[in-house]
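Chemist: I have a structure here, written as structure tokens, and I will follow up with some questions on it.
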Amino acid sequence: MKAIITITLKNGVLDPQGKAIEGALTGLGFEGVSNVRQGKEIELTLSETDEAAARAQAEEMCKKLLANPVMENYAIEIVT
């Protein structure tokens, strides 16, 4: 199974990379772009065959290493 984990900064957390992207897009002529937030996506292949167990394993990985729960939100998608 594959787990796709999307990690983004929580609302209210300063996102300097998002601001830089927003400024660059405006500089390139893309008008009306605002509130750009930057994140990351992590793709994992798991040997687990049970979807619920794979999700639980990915959740544990996020809590222990992949995401900072103080500053970041994450979403897990399990692909079979």
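Chain labels follow the order of the structure tokens: the first chain is A, the next B, and so on; residue numbering restarts at 1 in every chain, and ligands are counted from 1 in their shown order.
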Taking 3 positions as the minimum chain separation for residues in the same chain, which residues sit within 9 Å of A:Glu48 when counting only C-alpha atoms? Answer as a ChimeraX atom specification.
Modeler: /A:1,45,51,53-54,57
Chemist: With distances taken over only C-alpha atoms, which of A:Glu31, A:Glu43, A:Gly12, A:Ile21 is nearest to A:Ala58?
Modeler: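 The closest residue to A:Ala58 is A:Glu43.
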Chemist: Would you mind reading off the distance between atom CA of A:Ile7 and atom CA of A:Arg37, one decimal, in Å?
Modeler: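 Separation between atom CA of A:Ile7 and atom CA of A:Arg37: 10.9 Å.
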Chemist: With only C-alpha atoms as the counted atoms, please give the residues lying no more than 8 Å from A:Glu22, apart from itself and same-chain residues fewer than 4 positions off, as number ranges by chain.
Modeler: A: 18, 26, 33-36
Chemist: Deliver the residues from the most recent selection as a file, using N, CA and C atoms, as a compact mmCIF listing (two decimals), in the first residue's frame.
Modeler:
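Produced file selection.txt, reproduced below:
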# COMPACT_ATOMS: atom_id res chain seq x y z
N GLY A 18 5.89 30.84 1.58
CA GLY A 18 4.63 31.16 0.91
C GLY A 18 4.60 32.61 0.48
N THR A 26 3.32 37.37 -8.29
CA THR A 26 2.87 38.73 -8.60
C THR A 26 3.86 39.41 -9.54
N VAL A 33 -3.35 36.85 -6.80
CA VAL A 33 -2.86 35.73 -5.99
C VAL A 33 -2.62 36.25 -4.57
N SER A 34 -3.18 35.55 -3.58
CA SER A 34 -2.96 35.97 -2.20
C SER A 34 -3.00 34.77 -1.27
N ASN A 35 -2.53 34.97 -0.08
CA ASN A 35 -2.55 33.94 0.98
C ASN A 35 -1.91 32.63 0.54
N VAL A 36 -0.76 32.71 -0.11
CA VAL A 36 -0.06 31.51 -0.56
C VAL A 36 0.55 30.80 0.65
Chemist: In terms of the shortest atom-to-atom distance over only C-alpha atoms, which of A:Ala20, A:Ala56, A:Leu25, A:Ile42 is closest to A:Ile4?
Modeler: A:Ile42
Chemist: Show which residues sit within 12 Å of A:Leu9, as a PyMOL selection string. Count only C-alpha atoms, and ignore same-chain residues fewer than 4 positions away.
Modeler: chain A and resi 13-18+36-40+67-75
Chemist: With only C-alpha atoms as the basis for distance, which of A:Leu66, A:Ala24, A:Met61, A:Leu46 is at the shortest distance from A:Lys2?
Modeler: A:Leu46
Chemist: What does the distance between atom CA of A:Thr6 and atom CA of A:Glu77 come to in Å, to one decimal place?
Modeler: 8.4 Å
Chemist: Smallest atom-to-atom distance to A:Thr8: which of A:Arg55, A:Gly29, A:Ile76, A:Glu41, using only C-alpha atoms?
Modeler: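 Of the candidates, the smallest distance to A:Thr8 is held by A:Glu41.
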Chemist: Atom CA of A:Thr49 and atom CA of A:Ile5, how far apart in Å?
Modeler: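 Those two atoms sit 17.7 Å apart.
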